[in-house]
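Reading through the structure tokens given below for one structure.
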Amino acid sequence: MKKTTAQPTERAPDEIAGALLNWFDVHGRHDLPWQHPRTAYRVWVAEIMLQQTQVTTVIGYFNAFMARFPDIETLADAPSDDVMAHWAGLGYYARARNLHAAARAVVAEQGGVMPRDVDGLMALPGIGRSTAGAIVAQAYGDWAPILDGNAKRVVARLAAVEATPGTAAYEKPLWQLAERYTPRERVTDYTQAIMDLGATLCTRRRPACERCPLADCCVARAEGIQDRIPTPRKRAKRQQRETRVLVAVDTQGRVLLEKRPPTGIWGGLWSLPEVPVDADVRDHCDRQLGLAVTQARDLAPIQHGFTHFELCIHATQVQVSHTTRIMDASQQWFADDARPGVPAPIARILDTPQKALAL
């Protein structure tokens with residue numbers, strides 16, 4: 001005889017919210033730094049940092065960022081190099097550029113007061129619907145649904161939404177469900193609770209359904225399909241790329257860095273100058289950079305993964321005796337104790353013990 005699985009009976013939204021809030025009171029995260037105090041500015045910065053980045057990684061960056069930029073006016077007035085230096089290592093650098101631009105817009109156009117409504121927040125650079133909802137709910141305590149990656153997974157499993165993530169067939173019903181489930185009372189705690197549930201129990205792999213407060217109303221669990229929701233995206237094989245960077249050291253032990261364009265990979269950060277992979281480094285330094293090289297050697301290559309490709313970074317270290325002409329305005333020599341923010345893989349190259357060896 002075929003065994004049938006009882007389908008969960010549909011629960012009223014207030015029952016779902018109640019069960020989740022009861023769980024949150026005991027198991028939720030109540031001591032995150034942006035919760036004390038929970039201002040619109042602090043919630044906003046945290047939400048931007050948390051995009052594509054785990055909480056454990058964000059906490060240290062958030063604390064350092066707040067120490068340097070304690071309010072929106074300080075952030076708006078800061079030089080872009082300073083902002084990027086405090087973001088270096090978090091990746092997805094467009095987030096920092098948009099954050100800085102939005103801070104300047106709020107100070108210039110709204111007297112430094114963050115909008116209190118979702119539409120007003122979404123008009124600022126880098127703020128989407130879920131981030132706006134989080135600011136409204138978390139900072140102001142006003143009703144607004146959220147759907148970050150963790151919340152999407154919870155809602156999709158509750159209703160067994162099997163459409164492909166990123167499509168209208170997936171996004172539209174999830175927002176409708178999020179609006180339905182989000183309570184009018186304790187909205188601050190509820191929005192934190194659904195993010196916490198997705199981060200700790202309703203995880204992408206091996207969800208802990210046996211400990212989930214919403215297990216008895218989860219359609220995906222009842223049908224045994226929780227492991228395939230959200231539907232995995234078909235990922236193309238990541239391309240392999242390579243580049244060569246120059247670790248040019250002058251007679252004072254300073255390293256040459258150049259400012260990257262404001263957009264694109266590592267946009268707005270300082271980095272090591274790039275040279276063609278197969279170039280004659282001495283000749284390139286002389287002709288293109290105006291550097292007189294006395295010695296050169298290759299360092300161990302490193303791998304760095306981006307969203308769509310894998311990059312092999314070759315590095316060549318050169319000792320420079322003097323410059324033969326005025327360098328480009330985007331290039332500058334930096335001592336170790338004055339180094340600006342650089343991308344994480346570039347920091348790895350600069351911090352390698354090999355750099356301290358005599359050439």
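Going through the structure tokens in order, the chains are called A, B, and so on, while each chain numbers its residues from 1 and the ligands are numbered from 1 in the order shown.
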
Next item on the list: Show which residues sit within 9 Å of A:Asp196, as a ChimeraX atom specification. Count only C-alpha atoms, and ignore same-chain residues fewer than 2 positions away.
Entry: /A:24,27-29,150-151,191-194,198-202

Keeping only N, CA and C atoms, take the residues you just selected and write them out as a compact mmCIF listing (two decimals), in the first residue's frame.
```txt
# COMPACT_ATOMS: atom_id res chain seq x y z
N PHE A 24 12.37 33.12 17.84
CA PHE A 24 13.35 34.20 17.84
C PHE A 24 13.66 34.69 19.25
N HIS A 27 16.08 31.89 20.41
CA HIS A 27 17.22 31.48 19.59
C HIS A 27 17.74 32.55 18.62
N GLY A 28 17.07 33.67 18.53
CA GLY A 28 17.46 34.68 17.56
C GLY A 28 18.71 35.44 17.94
N ARG A 29 19.18 36.24 17.00
CA ARG A 29 20.39 37.04 17.22
C ARG A 29 19.98 38.43 17.72
N ASN A 150 18.24 34.85 2.68
CA ASN A 150 17.79 33.91 3.69
C ASN A 150 16.28 33.88 3.80
N ALA A 151 15.65 35.07 3.80
CA ALA A 151 14.19 35.13 3.90
C ALA A 151 13.53 34.51 2.67
N THR A 191 11.28 40.67 11.09
CA THR A 191 12.20 40.72 9.95
C THR A 191 13.57 40.17 10.33
N GLN A 192 14.00 40.42 11.57
CA GLN A 192 15.25 39.83 12.01
C GLN A 192 15.11 38.32 12.16
N ALA A 193 13.95 37.89 12.66
CA ALA A 193 13.72 36.46 12.91
C ALA A 193 13.76 35.65 11.62
N ILE A 194 13.14 36.13 10.56
CA ILE A 194 13.10 35.33 9.33
C ILE A 194 14.48 35.27 8.68
N GLY A 198 16.65 31.62 8.32
CA GLY A 198 17.29 31.20 7.08
C GLY A 198 18.79 31.01 7.22
N ALA A 199 19.40 31.82 8.08
CA ALA A 199 20.85 31.75 8.25
C ALA A 199 21.29 30.58 9.12
N THR A 200 20.42 30.15 10.05
CA THR A 200 20.85 29.15 11.04
C THR A 200 20.21 27.78 10.89
N LEU A 201 18.93 27.71 10.51
CA LEU A 201 18.24 26.42 10.40
C LEU A 201 17.80 26.10 8.98
N CYS A 202 17.15 27.07 8.34
CA CYS A 202 16.64 26.83 6.98
C CYS A 202 17.72 27.16 5.96
```

Closest contacts (stretch 121-227 of chain A/stretch 48-56 of chain A, max 12 Å, only C-alpha atoms) as a Markdown table:
```
| residue | atom | partner | partner_atom | distance |
| --- | --- | --- | --- | --- |
| A:Pro125 | CA | A:Ile48 | CA | 11.1 |
| A:Gly126 | CA | A:Ile48 | CA | 8.1 |
| A:Ile127 | CA | A:Ile48 | CA | 8.0 |
| A:Gly128 | CA | A:Ile48 | CA | 9.9 |
| A:Ser130 | CA | A:Gln51 | CA | 10.5 |
| A:Thr131 | CA | A:Ile48 | CA | 7.5 |
| A:Ala132 | CA | A:Ile48 | CA | 10.3 |
| A:Ala134 | CA | A:Ile48 | CA | 10.6 |
| A:Ile135 | CA | A:Ile48 | CA | 10.6 |
| A:Leu147 | CA | A:Gln51 | CA | 11.7 |
| A:Asp148 | CA | A:Gln51 | CA | 8.2 |
| A:Gly149 | CA | A:Gln51 | CA | 8.6 |
| A:Asn150 | CA | A:Gln51 | CA | 10.8 |
| A:Met195 | CA | A:Val55 | CA | 11.0 |
| A:Asp196 | CA | A:Val55 | CA | 10.3 |
| A:Ala199 | CA | A:Gln54 | CA | 9.0 |
| A:Thr200 | CA | A:Val55 | CA | 11.2 |
```

Next item on the list: Determine which residues of stretch 113-142 of chain A DSSP labels as helix (DSSP H, G or I) from the backbone of this structure, then write them out as a count of residues only.
Entry: 17

Margin query: Taking 4 positions as the minimum chain separation for residues in the same chain, which residues sit within 7 Å of stretch 282-299 of chain A when counting only C-alpha atoms? Answer as a PyMOL selection string.
Written below: chain A and resi 315-325+327+359

Next item on the list: Enumerate the residues of stretch 237-328 of chain A with a DSSP assignment of strand (DSSP E or B), computed from the backbone, and present them as an NGL selection string.
Entry: :A and (239-249 or 255-259 or 270-271 or 274-275 or 291-305 or 309-323)

Generate a file of the selected residues that holds N, CA and C atoms, formatted as a compact mmCIF listing (two decimals), in the first residue's frame.
```txt
# COMPACT_ATOMS: atom_id res chain seq x y z
N GLN A 239 35.18 30.90 -16.34
CA GLN A 239 36.33 31.11 -17.22
C GLN A 239 37.60 31.25 -16.40
N GLN A 240 38.71 30.86 -17.00
CA GLN A 240 40.01 31.03 -16.38
C GLN A 240 40.71 32.21 -17.05
N ARG A 241 41.10 33.17 -16.27
CA ARG A 241 41.82 34.33 -16.80
C ARG A 241 43.13 34.50 -16.03
N GLU A 242 44.02 35.27 -16.62
CA GLU A 242 45.27 35.55 -15.92
C GLU A 242 45.71 36.97 -16.19
N THR A 243 46.46 37.50 -15.27
CA THR A 243 47.02 38.84 -15.40
C THR A 243 48.36 38.86 -14.70
N ARG A 244 49.14 39.90 -14.96
CA ARG A 244 50.42 40.08 -14.27
C ARG A 244 50.42 41.45 -13.62
N VAL A 245 50.85 41.49 -12.37
CA VAL A 245 50.97 42.77 -11.67
C VAL A 245 52.42 43.01 -11.31
N LEU A 246 52.74 44.27 -11.13
CA LEU A 246 54.11 44.67 -10.88
C LEU A 246 54.26 45.15 -9.44
N VAL A 247 55.16 44.52 -8.70
CA VAL A 247 55.49 44.98 -7.35
C VAL A 247 56.79 45.77 -7.47
N ALA A 248 56.65 47.06 -7.76
CA ALA A 248 57.81 47.93 -7.95
C ALA A 248 58.17 48.58 -6.62
N VAL A 249 59.42 48.35 -6.18
CA VAL A 249 59.90 48.87 -4.90
C VAL A 249 61.02 49.86 -5.17
N VAL A 255 56.22 51.12 -2.34
CA VAL A 255 55.66 50.34 -3.43
C VAL A 255 54.81 51.24 -4.32
N LEU A 256 54.88 51.02 -5.61
CA LEU A 256 54.10 51.80 -6.56
C LEU A 256 52.68 51.22 -6.68
N LEU A 257 51.69 52.06 -6.47
CA LEU A 257 50.29 51.67 -6.66
C LEU A 257 49.64 52.62 -7.65
N GLU A 258 48.57 52.14 -8.29
CA GLU A 258 47.83 53.02 -9.18
C GLU A 258 46.35 52.93 -8.89
N LYS A 259 45.67 54.04 -9.06
CA LYS A 259 44.23 54.12 -8.80
C LYS A 259 43.48 53.52 -9.97
N TRP A 270 42.99 51.34 -4.96
CA TRP A 270 44.38 51.34 -5.40
C TRP A 270 44.81 49.89 -5.60
N SER A 271 45.65 49.67 -6.58
CA SER A 271 46.12 48.32 -6.87
C SER A 271 47.52 48.39 -7.46
N GLU A 274 49.19 46.80 -13.65
CA GLU A 274 49.11 45.58 -14.46
C GLU A 274 50.02 45.72 -15.68
N VAL A 275 50.63 44.62 -16.05
CA VAL A 275 51.45 44.57 -17.26
C VAL A 275 51.02 43.34 -18.05
N LEU A 291 60.31 53.73 -15.29
CA LEU A 291 61.03 53.21 -14.15
C LEU A 291 62.32 52.53 -14.59
N ALA A 292 63.41 52.85 -13.92
CA ALA A 292 64.69 52.20 -14.21
C ALA A 292 64.86 51.02 -13.26
N VAL A 293 64.82 49.80 -13.82
CA VAL A 293 64.85 48.58 -13.02
C VAL A 293 66.27 48.06 -12.88
N THR A 294 66.64 47.72 -11.65
CA THR A 294 67.97 47.14 -11.42
C THR A 294 67.90 45.62 -11.30
N GLN A 295 66.86 45.10 -10.68
CA GLN A 295 66.70 43.66 -10.54
C GLN A 295 65.22 43.30 -10.62
N ALA A 296 64.92 42.07 -11.02
CA ALA A 296 63.54 41.61 -11.12
C ALA A 296 63.45 40.12 -10.83
N ARG A 297 62.33 39.72 -10.26
CA ARG A 297 62.08 38.29 -10.05
C ARG A 297 60.59 38.05 -9.96
N ASP A 298 60.19 36.85 -10.34
CA ASP A 298 58.79 36.47 -10.27
C ASP A 298 58.45 35.92 -8.89
N LEU A 299 57.28 36.30 -8.38
CA LEU A 299 56.78 35.76 -7.13
C LEU A 299 55.79 34.64 -7.44
N ALA A 300 55.41 33.90 -6.44
CA ALA A 300 54.48 32.79 -6.64
C ALA A 300 53.11 33.34 -7.06
N PRO A 301 52.51 32.80 -8.12
CA PRO A 301 51.18 33.26 -8.54
C PRO A 301 50.13 32.89 -7.50
N ILE A 302 49.04 33.64 -7.49
CA ILE A 302 47.92 33.33 -6.59
C ILE A 302 46.63 33.26 -7.40
N GLN A 303 45.66 32.53 -6.88
CA GLN A 303 44.35 32.40 -7.51
C GLN A 303 43.34 33.22 -6.73
N HIS A 304 42.44 33.86 -7.46
CA HIS A 304 41.36 34.61 -6.81
C HIS A 304 40.08 34.41 -7.61
N GLY A 305 39.02 34.03 -6.90
CA GLY A 305 37.76 33.76 -7.58
C GLY A 305 36.83 34.96 -7.58
N PHE A 309 34.36 34.28 -13.01
CA PHE A 309 35.62 33.77 -13.54
C PHE A 309 36.63 33.60 -12.43
N GLU A 310 37.66 32.81 -12.73
CA GLU A 310 38.77 32.57 -11.81
C GLU A 310 39.99 33.28 -12.38
N LEU A 311 40.65 34.06 -11.54
CA LEU A 311 41.78 34.85 -12.01
C LEU A 311 43.09 34.35 -11.40
N CYS A 312 44.05 34.06 -12.26
CA CYS A 312 45.39 33.72 -11.81
C CYS A 312 46.24 34.99 -11.90
N ILE A 313 46.76 35.41 -10.76
CA ILE A 313 47.53 36.65 -10.71
C ILE A 313 49.02 36.32 -10.60
N HIS A 314 49.76 36.62 -11.64
CA HIS A 314 51.21 36.51 -11.62
C HIS A 314 51.77 37.83 -11.10
N ALA A 315 52.79 37.76 -10.31
CA ALA A 315 53.39 38.99 -9.77
C ALA A 315 54.89 38.98 -10.02
N THR A 316 55.39 40.11 -10.47
CA THR A 316 56.82 40.28 -10.66
C THR A 316 57.29 41.44 -9.80
N GLN A 317 58.29 41.17 -8.98
CA GLN A 317 58.84 42.19 -8.11
C GLN A 317 60.09 42.78 -8.75
N VAL A 318 60.16 44.10 -8.77
CA VAL A 318 61.31 44.77 -9.36
C VAL A 318 61.86 45.81 -8.40
N GLN A 319 63.16 45.95 -8.40
CA GLN A 319 63.81 47.01 -7.64
C GLN A 319 64.05 48.18 -8.60
N VAL A 320 63.63 49.36 -8.19
CA VAL A 320 63.71 50.54 -9.04
C VAL A 320 64.76 51.50 -8.48
N SER A 321 65.70 51.91 -9.31
CA SER A 321 66.74 52.84 -8.85
C SER A 321 66.28 54.29 -8.95
N HIS A 322 65.50 54.61 -9.99
CA HIS A 322 65.00 55.97 -10.14
C HIS A 322 63.92 55.97 -11.22
N THR A 323 63.23 57.09 -11.34
CA THR A 323 62.24 57.24 -12.41
C THR A 323 62.85 58.04 -13.54
```

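The shortest atom-to-atom distance to A:Arg153, with only C-alpha atoms taken into account, belongs to A:Ala220 out of A:Ala347, A:Val113, A:Ala220, A:Val43.
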
Note to self: So that I can see what lies close to A:Arg116, please list as a PyMOL selection string the residues with an atom at most 8 Å from it, counting only C-alpha atoms and leaving out residues fewer than 4 positions away in the same chain.
What the structure shows: chain A and resi 120-121+136+140

Kindly save the residues from that selection, with N, CA and C atoms included, as a PDB file, in the first residue's frame.
```pdb
ATOM      1  N   GLY A 120      11.114  56.151  -0.987  1.00  0.00           N
ATOM      2  CA  GLY A 120      12.146  57.169  -0.828  1.00  0.00           C
ATOM      3  C   GLY A 120      13.528  56.560  -0.691  1.00  0.00           C
ATOM      4  N   LEU A 121      13.626  55.462   0.012  1.00  0.00           N
ATOM      5  CA  LEU A 121      14.910  54.782   0.175  1.00  0.00           C
ATOM      6  C   LEU A 121      15.370  54.157  -1.131  1.00  0.00           C
ATOM      7  N   VAL A 136      13.271  50.334   6.961  1.00  0.00           N
ATOM      8  CA  VAL A 136      11.983  50.800   7.478  1.00  0.00           C
ATOM      9  C   VAL A 136      11.556  49.989   8.698  1.00  0.00           C
ATOM     10  N   TYR A 140      12.946  52.005  11.913  1.00  0.00           N
ATOM     11  CA  TYR A 140      11.799  52.836  12.253  1.00  0.00           C
ATOM     12  C   TYR A 140      10.653  52.058  12.895  1.00  0.00           C
TER      13      TYR A 140
END
```

Check: Between A:Gln226, A:Ala279, A:Arg186, A:Gly18, which one has atoms that come closest to A:Glu162, using only C-alpha atoms?
Finding: A:Gln226

Note to self: Give me the residues near A:Leu177 as a ChimeraX atom specification, where near means some atom within 9 Å (using only C-alpha atoms) and where sequence neighbours in that chain fewer than 3 positions away do not count.
What the structure shows: /A:155-156,159,172-174,180-182

Next item on the list: Find the distance between atom CA of A:Gln332 and atom CA of A:Tyr61 and write it in Å to one decimal.
Entry: 26.1 Å

Next item on the list: Excluding A:Tyr170 and any residue of its chain fewer than 3 positions from it, enumerate the residues within 10 Å of it, using only C-alpha atoms, and give them as a list of chain:residue names.
Entry: A:Lys152, A:Ala156, A:Val161, A:Glu162, A:Ala163, A:Thr164, A:Pro165, A:Gly166, A:Thr167, A:Pro173, A:Leu174, A:Trp175, A:Pro230, A:Thr231

Dump as a JSON list (two decimals), in the first residue's frame, selection limited to N, CA and C atoms:
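Saved file selection_22.json follows:
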```json
[["chain", "number", "residue", "atom", "x", "y", "z"],
["A", 152, "LYS", "N", 14.12, 34.72, 1.51],
["A", 152, "LYS", "CA", 13.56, 34.11, 0.29],
["A", 152, "LYS", "C", 13.50, 32.60, 0.41],
["A", 156, "ALA", "N", 10.11, 30.54, 0.23],
["A", 156, "ALA", "CA", 9.98, 29.61, -0.91],
["A", 156, "ALA", "C", 9.69, 28.20, -0.44],
["A", 161, "VAL", "N", 7.66, 26.98, -3.54],
["A", 161, "VAL", "CA", 7.79, 27.71, -4.81],
["A", 161, "VAL", "C", 9.02, 27.18, -5.53],
["A", 162, "GLU", "N", 8.79, 26.46, -6.63],
["A", 162, "GLU", "CA", 9.89, 25.77, -7.32],
["A", 162, "GLU", "C", 10.38, 26.48, -8.56],
["A", 163, "ALA", "N", 9.91, 27.71, -8.80],
["A", 163, "ALA", "CA", 10.36, 28.44, -9.99],
["A", 163, "ALA", "C", 11.85, 28.77, -9.85],
["A", 164, "THR", "N", 12.45, 29.11, -10.97],
["A", 164, "THR", "CA", 13.88, 29.43, -10.98],
["A", 164, "THR", "C", 14.15, 30.78, -10.33],
["A", 165, "PRO", "N", 15.04, 30.83, -9.34],
["A", 165, "PRO", "CA", 15.37, 32.10, -8.70],
["A", 165, "PRO", "C", 15.80, 33.15, -9.72],
["A", 166, "GLY", "N", 15.37, 34.39, -9.45],
["A", 166, "GLY", "CA", 15.72, 35.48, -10.33],
["A", 166, "GLY", "C", 14.69, 35.76, -11.41],
["A", 167, "THR", "N", 13.72, 34.85, -11.58],
["A", 167, "THR", "CA", 12.68, 35.04, -12.58],
["A", 167, "THR", "C", 11.45, 35.67, -11.93],
["A", 173, "PRO", "N", 5.57, 35.83, -6.61],
["A", 173, "PRO", "CA", 4.84, 35.16, -5.53],
["A", 173, "PRO", "C", 5.54, 35.26, -4.18],
["A", 174, "LEU", "N", 6.86, 35.31, -4.18],
["A", 174, "LEU", "CA", 7.58, 35.43, -2.91],
["A", 174, "LEU", "C", 7.28, 36.77, -2.24],
["A", 175, "TRP", "N", 7.25, 37.84, -3.01],
["A", 175, "TRP", "CA", 6.91, 39.13, -2.43],
["A", 175, "TRP", "C", 5.47, 39.16, -1.94],
["A", 230, "PRO", "N", 15.59, 26.63, -2.81],
["A", 230, "PRO", "CA", 15.35, 27.15, -4.15],
["A", 230, "PRO", "C", 15.98, 26.26, -5.23],
["A", 231, "THR", "N", 15.39, 26.28, -6.41],
["A", 231, "THR", "CA", 15.91, 25.49, -7.52],
["A", 231, "THR", "C", 17.33, 25.93, -7.85]]
```

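When atom CA of A:Gly133 is paired with atom CA of A:Ala103, their separation reads 17.9 Å.
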
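Using only C-alpha atoms, the shortest contact distance between A:Cys218 and any of A:Val26, A:Ala96, A:Leu272, A:Ala160 is found at A:Ala160.
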